[in-house]
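Enquirer: What follows is the file query08.txt, containing compact mmCIF, C-alpha atoms and all ligand atoms:
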# COMPACT_ATOMS: atom_id res chain seq x y z
CA MET A 2 -61.36 19.15 -50.88
CA CYS A 3 -59.62 18.22 -47.66
CA ARG A 4 -61.64 15.05 -47.08
CA LEU A 5 -60.23 11.93 -45.48
CA LEU A 6 -59.18 9.04 -47.71
CA GLU A 7 -62.18 7.00 -46.52
CA ASP A 8 -64.53 9.79 -47.60
CA ARG A 9 -62.88 10.02 -50.99
CA ILE A 10 -63.21 6.23 -51.39
CA ASP A 11 -66.90 6.48 -50.45
CA ILE A 12 -67.55 9.17 -53.05
CA VAL A 13 -65.92 7.12 -55.84
CA SER A 14 -67.68 3.96 -54.59
CA GLY A 15 -71.09 5.66 -54.67
CA ARG A 16 -70.57 6.77 -58.26
CA ALA A 17 -69.15 3.40 -59.34
CA LEU A 18 -72.04 1.53 -57.75
CA ARG A 19 -74.57 3.67 -59.57
CA SER A 20 -72.83 3.19 -62.92
CA GLY A 21 -72.37 -0.56 -62.37
CA ALA A 22 -68.55 -0.36 -62.50
CA LEU A 23 -68.40 -1.62 -58.91
CA GLN A 24 -69.92 -5.08 -58.59
CA PRO A 25 -69.98 -6.12 -54.93
CA ILE A 26 -70.23 -9.84 -54.22
CA PRO A 27 -73.22 -10.28 -51.92
CA THR A 28 -72.52 -12.36 -48.82
CA ARG A 29 -74.05 -13.22 -45.44
CA TRP A 30 -71.69 -13.42 -42.55
CA HIS A 31 -71.39 -15.81 -39.64
CA THR A 32 -69.14 -15.96 -36.62
CA LEU A 33 -67.32 -19.11 -35.68
CA GLN A 34 -66.00 -19.58 -32.15
CA GLU A 35 -62.92 -21.76 -31.76
CA GLY A 36 -61.06 -21.66 -28.46
CA ASP A 37 -60.71 -18.02 -27.48
CA ALA A 38 -60.88 -16.82 -31.11
CA THR A 39 -64.03 -15.63 -32.89
CA TYR A 40 -63.56 -15.94 -36.64
CA VAL A 41 -65.75 -14.31 -39.27
CA VAL A 42 -66.92 -16.33 -42.26
CA ARG A 43 -68.68 -14.69 -45.20
CA VAL A 44 -70.79 -17.04 -47.32
CA ILE A 45 -71.47 -16.01 -50.90
CA ASP A 46 -75.14 -15.41 -51.42
CA ASN A 47 -75.51 -17.36 -54.67
CA LEU A 48 -79.07 -16.35 -55.40
CA ARG A 49 -78.35 -12.62 -55.24
CA ARG A 50 -75.02 -13.20 -56.98
CA LYS A 51 -76.77 -14.75 -59.99
CA GLN A 52 -79.09 -11.75 -60.17
CA SER A 53 -76.16 -9.30 -60.14
CA ALA A 54 -74.26 -11.43 -62.67
CA ARG A 55 -77.22 -11.20 -65.04
CA ALA A 56 -77.30 -7.44 -64.58
CA ALA A 57 -73.58 -7.24 -65.31
CA SER A 58 -73.69 -9.51 -68.35
CA LYS A 59 -73.62 -6.59 -70.74
CA GLU A 60 -70.23 -5.56 -69.37
CA ARG A 61 -67.39 -5.05 -71.87
CA ALA A 62 -64.71 -7.72 -72.35
CA LYS A 63 -62.24 -8.10 -69.50
CA PRO A 64 -58.95 -6.24 -70.00
CA ALA A 65 -55.80 -8.40 -70.01
CA ASP A 66 -54.34 -6.39 -67.13
CA PRO A 67 -57.18 -4.70 -65.18
CA PHE A 68 -54.72 -2.61 -63.14
CA LEU A 69 -52.87 -1.20 -66.17
CA ASP A 70 -55.90 -0.81 -68.41
CA TYR A 71 -58.01 0.10 -65.37
CA ASP A 72 -61.60 1.24 -65.33
CA PRO A 73 -61.50 5.02 -64.71
CA GLU A 74 -64.71 4.68 -62.67
CA LEU A 75 -62.73 2.63 -60.13
CA TYR A 76 -59.86 5.11 -59.91
CA VAL A 77 -59.59 6.91 -56.55
CA GLU A 78 -56.30 8.81 -56.83
CA ASP A 79 -52.54 8.65 -57.28
CA VAL A 80 -51.07 7.81 -53.87
CA ALA A 81 -47.37 8.03 -54.75
CA PRO A 82 -45.28 8.74 -57.86
CA ALA A 83 -45.40 5.08 -58.87
CA HIS A 84 -48.71 3.93 -57.34
CA ARG A 85 -52.43 4.53 -57.77
CA LEU A 86 -55.40 3.61 -55.64
CA LEU A 87 -58.28 1.73 -57.29
CA LEU A 88 -61.44 0.21 -55.91
CA ASN A 89 -61.63 -3.56 -55.92
CA LYS A 90 -64.24 -4.15 -58.62
CA PHE A 91 -65.62 -7.34 -57.05
CA ASN A 92 -65.57 -6.37 -53.40
CA VAL A 93 -66.92 -8.49 -50.58
CA ILE A 94 -66.21 -5.79 -48.01
CA GLU A 95 -67.07 -2.11 -48.44
CA ARG A 96 -64.11 0.23 -49.04
CA HIS A 97 -61.87 -2.55 -50.35
CA ALA A 98 -59.07 -0.64 -52.10
CA LEU A 99 -56.09 -1.76 -54.17
CA ILE A 100 -52.73 0.03 -54.16
CA VAL A 101 -51.43 -0.88 -57.62
CA THR A 102 -48.14 -0.02 -59.29
CA ARG A 103 -48.62 2.35 -62.24
CA ALA A 104 -46.23 0.31 -64.41
CA PHE A 105 -46.47 -3.46 -64.50
CA ALA A 106 -44.46 -5.25 -61.81
CA PRO A 107 -45.01 -8.91 -60.94
CA GLN A 108 -46.95 -9.80 -57.80
CA THR A 109 -44.21 -12.32 -56.98
CA ALA A 110 -41.50 -9.63 -56.83
CA PRO A 111 -40.53 -8.49 -53.33
CA LEU A 112 -42.11 -5.32 -51.97
CA THR A 113 -39.86 -2.28 -52.35
CA PRO A 114 -39.32 0.79 -50.13
CA ALA A 115 -41.47 2.70 -52.67
CA ASP A 116 -44.32 0.17 -52.20
CA MET A 117 -44.00 0.66 -48.44
CA GLU A 118 -44.07 4.43 -48.81
CA ALA A 119 -47.26 4.28 -50.91
CA ALA A 120 -48.87 1.92 -48.40
CA LEU A 121 -47.82 4.07 -45.44
CA GLY A 122 -49.33 7.12 -47.15
CA CYS A 123 -52.72 5.36 -47.21
CA LEU A 124 -52.34 4.00 -43.68
CA ALA A 125 -51.48 7.50 -42.41
CA GLU A 126 -54.85 8.77 -43.58
CA TRP A 127 -56.89 5.66 -42.94
CA ASP A 128 -56.44 3.36 -39.94
CA GLY A 129 -57.18 0.19 -41.91
CA LEU A 130 -55.69 -3.25 -42.51
CA LEU A 131 -53.07 -3.56 -45.22
CA PHE A 132 -52.35 -6.92 -46.86
CA TYR A 133 -50.45 -8.61 -49.65
CA ASN A 134 -51.05 -11.96 -51.29
CA GLY A 135 -47.58 -12.85 -52.57
CA GLY A 136 -48.26 -15.26 -55.42
CA GLU A 137 -51.02 -17.60 -56.55
CA ALA A 138 -50.41 -20.10 -53.76
CA ALA A 139 -50.92 -17.21 -51.34
CA GLY A 140 -54.33 -16.38 -52.81
CA ALA A 141 -53.42 -13.81 -55.49
CA SER A 142 -55.62 -13.83 -58.60
CA GLN A 143 -53.92 -10.95 -60.45
CA PRO A 144 -50.26 -11.03 -61.55
CA HIS A 145 -49.85 -7.20 -61.53
CA LYS A 146 -48.40 -5.96 -58.20
CA HIS A 147 -51.11 -4.81 -55.79
CA LEU A 148 -51.26 -4.25 -52.07
CA GLN A 149 -54.75 -4.16 -50.60
CA MET A 150 -56.51 -2.19 -47.88
CA VAL A 151 -59.73 -2.92 -46.05
CA PRO A 152 -61.38 -1.42 -42.97
CA ARG A 153 -60.38 -2.88 -39.59
CA ALA A 154 -64.06 -3.66 -38.93
CA LEU A 155 -63.90 -7.12 -40.52
CA GLY A 156 -66.10 -8.52 -37.79
CA PRO A 157 -68.08 -7.29 -34.78
CA GLN A 158 -64.83 -6.87 -32.84
CA GLY A 159 -62.58 -5.50 -35.56
CA ILE A 160 -59.78 -7.71 -36.87
CA PRO A 161 -60.79 -11.12 -35.49
CA LEU A 162 -57.29 -12.49 -34.90
CA GLU A 163 -55.72 -9.22 -33.72
CA PRO A 164 -55.70 -10.14 -30.01
CA ARG A 165 -53.76 -13.31 -30.88
CA ILE A 166 -51.46 -11.48 -33.30
CA LYS A 167 -50.59 -9.01 -30.53
CA ALA A 168 -50.13 -11.85 -28.03
CA ALA A 169 -47.73 -13.50 -30.52
CA LEU A 170 -45.42 -10.46 -30.21
CA ALA A 171 -44.49 -11.89 -26.80
CA ASP A 172 -45.33 -15.58 -27.26
CA THR A 173 -45.07 -17.11 -30.71
CA ALA A 174 -47.34 -20.03 -29.68
CA ALA A 175 -50.29 -17.60 -29.61
CA LEU A 176 -50.69 -18.08 -33.39
CA PRO A 177 -51.38 -21.64 -34.56
CA PHE A 178 -49.40 -21.33 -37.82
CA ALA A 179 -45.87 -20.56 -39.01
CA HIS A 180 -45.28 -16.80 -38.97
CA ALA A 181 -43.07 -13.83 -38.15
CA VAL A 182 -44.62 -10.90 -36.30
CA ASP A 183 -43.20 -7.55 -35.18
CA ARG A 184 -44.34 -4.33 -33.58
CA VAL A 185 -43.71 -1.42 -35.96
CA PRO A 186 -43.10 2.31 -35.53
CA PHE A 187 -45.65 4.62 -37.12
CA ASP A 188 -44.51 8.17 -36.39
CA GLY A 189 -41.81 10.08 -38.18
CA PRO A 190 -40.92 11.24 -41.69
CA ARG A 191 -42.58 8.99 -44.28
CA GLN A 192 -39.42 8.06 -46.21
CA ALA A 193 -37.48 7.05 -43.08
CA LEU A 194 -40.49 5.08 -41.84
CA ALA A 195 -40.79 3.31 -45.21
CA ALA A 196 -37.11 2.32 -44.97
CA ASP A 197 -37.69 0.93 -41.44
CA TRP A 198 -40.81 -0.94 -42.52
CA HIS A 199 -39.01 -2.33 -45.55
CA ALA A 200 -36.10 -3.56 -43.41
CA CYS A 201 -38.54 -5.20 -40.99
CA TYR A 202 -40.47 -6.83 -43.89
CA CYS A 203 -37.21 -8.21 -45.38
CA ALA A 204 -36.16 -9.60 -42.00
CA GLN A 205 -39.59 -11.23 -41.64
CA LEU A 206 -39.31 -12.86 -45.08
CA ASP A 207 -35.94 -14.25 -44.03
CA ARG A 208 -37.44 -15.66 -40.84
CA ILE A 209 -40.24 -17.46 -42.71
CA GLY A 210 -37.79 -18.93 -45.24
CA ARG A 211 -38.43 -16.51 -48.11
CA ASP A 212 -35.60 -14.66 -49.86
CA PRO A 213 -36.34 -10.91 -49.90
CA LYS A 214 -33.67 -10.41 -52.58
CA ALA A 215 -35.03 -13.04 -54.96
CA LYS A 216 -36.48 -11.88 -58.28
CA THR A 217 -39.41 -14.20 -57.62
CA VAL A 218 -40.27 -14.75 -53.97
CA ALA A 219 -41.86 -18.07 -52.94
CA PRO A 220 -45.50 -17.68 -51.78
CA TYR A 221 -46.33 -15.79 -48.58
CA ASN A 222 -48.89 -13.44 -47.10
CA TRP A 223 -48.06 -10.16 -45.42
CA LEU A 224 -50.39 -8.07 -43.28
CA ALA A 225 -49.86 -4.78 -41.46
CA THR A 226 -51.61 -2.17 -39.35
CA ARG A 227 -50.27 0.98 -37.74
CA GLU A 228 -49.04 -1.23 -34.86
CA TRP A 229 -47.74 -4.54 -36.21
CA MET A 230 -46.73 -6.49 -39.30
CA LEU A 231 -47.15 -10.22 -39.86
CA ALA A 232 -45.66 -12.54 -42.51
CA VAL A 233 -46.88 -16.09 -43.17
CA PRO A 234 -45.28 -18.65 -45.50
CA ARG A 235 -47.72 -20.36 -47.87
CA THR A 236 -47.78 -23.66 -49.66
CA ARG A 237 -51.20 -23.82 -51.30
CA GLY A 238 -53.90 -21.39 -52.34
CA GLU A 239 -56.74 -23.50 -51.01
CA VAL A 240 -57.34 -26.19 -48.45
CA ALA A 241 -60.28 -28.59 -48.80
CA GLY A 242 -61.53 -26.42 -51.67
CA ILE A 243 -61.62 -23.30 -49.47
CA GLY A 244 -59.60 -20.37 -50.85
CA ILE A 245 -57.17 -18.90 -48.32
CA ASN A 246 -55.57 -15.48 -48.70
CA ALA A 247 -54.03 -12.98 -46.28
CA MET A 248 -57.44 -12.12 -44.80
CA ALA A 249 -57.68 -15.63 -43.35
CA PHE A 250 -54.65 -14.87 -41.17
CA ALA A 251 -56.54 -11.86 -39.86
CA GLY A 252 -59.38 -14.30 -39.02
CA ALA A 253 -61.75 -13.52 -41.93
CA PHE A 254 -62.84 -16.19 -44.44
CA LEU A 255 -64.88 -16.28 -47.61
CA VAL A 256 -66.62 -19.51 -48.61
CA LYS A 257 -68.67 -20.35 -51.68
CA ASP A 258 -71.71 -21.88 -50.03
CA GLN A 259 -73.26 -23.44 -46.91
CA ARG A 260 -71.55 -26.75 -47.66
CA GLN A 261 -68.11 -25.10 -47.41
CA LEU A 262 -69.21 -23.34 -44.23
CA GLY A 263 -70.12 -26.75 -42.80
CA ASP A 264 -66.75 -28.13 -43.92
CA LEU A 265 -64.91 -25.27 -42.26
CA LYS A 266 -66.78 -25.86 -39.00
CA HIS A 267 -66.17 -29.59 -39.19
CA ARG A 268 -62.43 -29.43 -39.94
CA GLY A 269 -61.74 -26.42 -37.75
CA VAL A 270 -60.23 -23.06 -38.64
CA GLN A 271 -56.99 -23.77 -36.81
CA TRP A 272 -56.46 -26.94 -38.84
CA LEU A 273 -57.16 -25.07 -42.08
CA LEU A 274 -54.66 -22.30 -41.27
CA GLU A 275 -51.99 -24.85 -40.33
CA GLN A 276 -52.53 -26.75 -43.59
CA ALA A 277 -52.24 -23.56 -45.66
CA THR A 278 -48.80 -22.84 -44.27
CA VAL A 279 -47.05 -26.24 -44.33
P1 LIG A 301 -56.12 -10.86 -55.42
O1 LIG A 301 -57.22 -11.80 -55.79
O2 LIG A 301 -55.67 -10.95 -54.00
O3 LIG A 301 -54.96 -10.94 -56.39
O4 LIG A 301 -56.72 -9.39 -55.53
C1 LIG A 301 -57.05 -8.87 -56.79
C2 LIG A 301 -58.42 -8.27 -56.71
O5 LIG A 301 -58.65 -7.57 -57.92
C3 LIG A 301 -59.54 -9.29 -56.60
O6 LIG A 301 -60.08 -9.25 -55.30
C4 LIG A 301 -60.55 -8.86 -57.67
O7 LIG A 301 -61.84 -8.72 -57.13
C5 LIG A 301 -60.02 -7.52 -58.12
N1 LIG A 301 -60.29 -7.24 -59.54
C6 LIG A 301 -60.44 -8.13 -60.56
N2 LIG A 301 -60.68 -7.46 -61.72
C7 LIG A 301 -60.67 -6.15 -61.42
C8 LIG A 301 -60.86 -4.95 -62.18
N3 LIG A 301 -61.14 -4.98 -63.48
N4 LIG A 301 -60.76 -3.75 -61.53
C9 LIG A 301 -60.51 -3.71 -60.21
N5 LIG A 301 -60.36 -4.79 -59.43
C10 LIG A 301 -60.42 -5.99 -60.03
Step by step, read the file and then write its structure as structure tokens.
Expert:
Amino acid sequence: MCRLLEDRIDIVSGRALRSGALQPIPTRWHTLQEGDATYVVRVIDNLRRKQSARAASKERAKPADPFLDYDPELYVEDVAPAHRLLLNKFNVIERHALIVTRAFAPQTAPLTPADMEAALGCLAEWDGLLFYNGGEAAGASQPHKHLQMVPRALGPQGIPLEPRIKAALADTAALPFAHAVDRVPFDGPRQALAADWHACYCAQLDRIGRDPKAKTVAPYNWLATREWMLAVPRTRGEVAGIGINAMAFAGAFLVKDQRQLGDLKHRGVQWLLEQATV
């Protein structure tokens, strides 16, 4: 019973895959070298996708709020009094988990100390990458508040942009887009840590021109590991037809087809990231 969070996610994933509740999006991945950064681009495998879509066509109607009226097959566990962990139904990466609020809260509301505490609980058990797409123009597709967690192994060398993110702690020019980045503490009592993380997150929002006290915060992405947190202001959900969410600022992209992959190569990742933030 004392398994690690990753093991518990794997058990639920195995069952959900067999029942068809989990519907991974098949992709093939490529690396893209630009300067000293190696980005990872996943291209949706349309042929296999069509086959899985046919298999899933007998699925029941979509719920209005899939995180309130969630599929019990995707439920992993309660991670805090006000949060539960679900599997991402349409995952591109294995072990893609969603930390959703039990009651509805809008995705555009600022993160709270309780959200931080729930996220830290997951991060304490699983050394993954945490991220938040704050609003539609930041890549969010669901309006119900959800943080997300994925494994650090996004590419052959982990989080593709992590070396640059760490370099930006000392030299802001290391990241080619508007941002705020900080080193974070990770040891100590959970509640005190959550308060520290929340204070750091609010200060970061301030620095990127977002009001952490607003009822509705203007679009931004937020990413965190056990070592650092990064906030990025956003202006548009896609650039040149390519959807950009928080994962892009970790150096991982998802494109629809080979044409978009060609476009990304042609325009350059750095250009794309700049455009998404101004
Ligand atoms: P985002 O697009 O960043 O707002 O993340 C929301 C995620 O929820 C998407 O990646 C979807 O794949 C996922 N999703 C959509 N419908 C469901 C569902 N019924 N159950 C679980 N996850 C879902």
Enquirer: Please identify the residues whose atoms come within 8 Å of ligand LIG 301 (chain A), using only C-alpha atoms and all ligand atoms, and report them as a PyMOL selection string.
Expert: chain A and resi 63-64+66-68+71-72+75+87-92+99+133-134+137+140-144+147+149+246
Enquirer: If we count only C-alpha atoms, what is near Gly238 of chain A at a cut-off of 6 Å, once residues fewer than 6 positions away on the same chain are taken out, given as a list in words?
Expert: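 Listed by chain and then number, they are Ala138, Ala139, Gly140, Gly244 and Ile245 of chain A.
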Enquirer: Calculated over all atoms listed in the file, which of the candidates A:Asp258, A:Asp37, A:Asp207, A:Glu95 has the smallest distance to Val233 of chain A?
Expert: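 Counting all atoms listed in the file, the residue closest to Val233 of chain A is A:Asp207.
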Enquirer: Hey, could you make a per-residue contact list for segment 24-125 of chain A against segment 129-132 of chain A with 9 Å as the cut-off, showing the nearest pair of atoms and its distance in Å to one decimal, counting all atoms listed in the file, sorted by chain and number, as a tab-separated table?
Expert:
residue	atom	partner	partner_atom	distance
A:Ala120	CA	A:Leu131	CA	7.6
A:Cys123	CA	A:Gly129	CA	8.6
A:Leu124	CA	A:Gly129	CA	6.4
Enquirer: The residues within 12 Å of (-42.7, -2.5, -51.7), using only C-alpha atoms and the coordinates of the file, should be reported as a PyMOL selection string; which are they?
Expert: chain A and resi 81+83-84+100-102+106-121+132-133+135+146-148+195-203+213+223
Enquirer: Print the selection's residues with C-alpha atoms to a file, as a short mmCIF file (atom, residue, chain, number, x, y, z; two decimals), keeping the file's coordinate frame.
Expert:
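Saved as result02.cif:
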data_model
loop_
_atom_site.label_atom_id
_atom_site.label_comp_id
_atom_site.auth_asym_id
_atom_site.auth_seq_id
_atom_site.Cartn_x
_atom_site.Cartn_y
_atom_site.Cartn_z
CA ALA A 81 -47.37 8.03 -54.75
CA ALA A 83 -45.40 5.08 -58.87
CA HIS A 84 -48.71 3.93 -57.34
CA ILE A 100 -52.73 0.03 -54.16
CA VAL A 101 -51.43 -0.88 -57.62
CA THR A 102 -48.14 -0.02 -59.29
CA ALA A 106 -44.46 -5.25 -61.81
CA PRO A 107 -45.01 -8.91 -60.94
CA GLN A 108 -46.95 -9.80 -57.80
CA THR A 109 -44.21 -12.32 -56.98
CA ALA A 110 -41.50 -9.63 -56.83
CA PRO A 111 -40.53 -8.49 -53.33
CA LEU A 112 -42.11 -5.32 -51.97
CA THR A 113 -39.86 -2.28 -52.35
CA PRO A 114 -39.32 0.79 -50.13
CA ALA A 115 -41.47 2.70 -52.67
CA ASP A 116 -44.32 0.17 -52.20
CA MET A 117 -44.00 0.66 -48.44
CA GLU A 118 -44.07 4.43 -48.81
CA ALA A 119 -47.26 4.28 -50.91
CA ALA A 120 -48.87 1.92 -48.40
CA LEU A 121 -47.82 4.07 -45.44
CA PHE A 132 -52.35 -6.92 -46.86
CA TYR A 133 -50.45 -8.61 -49.65
CA GLY A 135 -47.58 -12.85 -52.57
CA LYS A 146 -48.40 -5.96 -58.20
CA HIS A 147 -51.11 -4.81 -55.79
CA LEU A 148 -51.26 -4.25 -52.07
CA ALA A 195 -40.79 3.31 -45.21
CA ALA A 196 -37.11 2.32 -44.97
CA ASP A 197 -37.69 0.93 -41.44
CA TRP A 198 -40.81 -0.94 -42.52
CA HIS A 199 -39.01 -2.33 -45.55
CA ALA A 200 -36.10 -3.56 -43.41
CA CYS A 201 -38.54 -5.20 -40.99
CA TYR A 202 -40.47 -6.83 -43.89
CA CYS A 203 -37.21 -8.21 -45.38
CA PRO A 213 -36.34 -10.91 -49.90
CA TRP A 223 -48.06 -10.16 -45.42
#
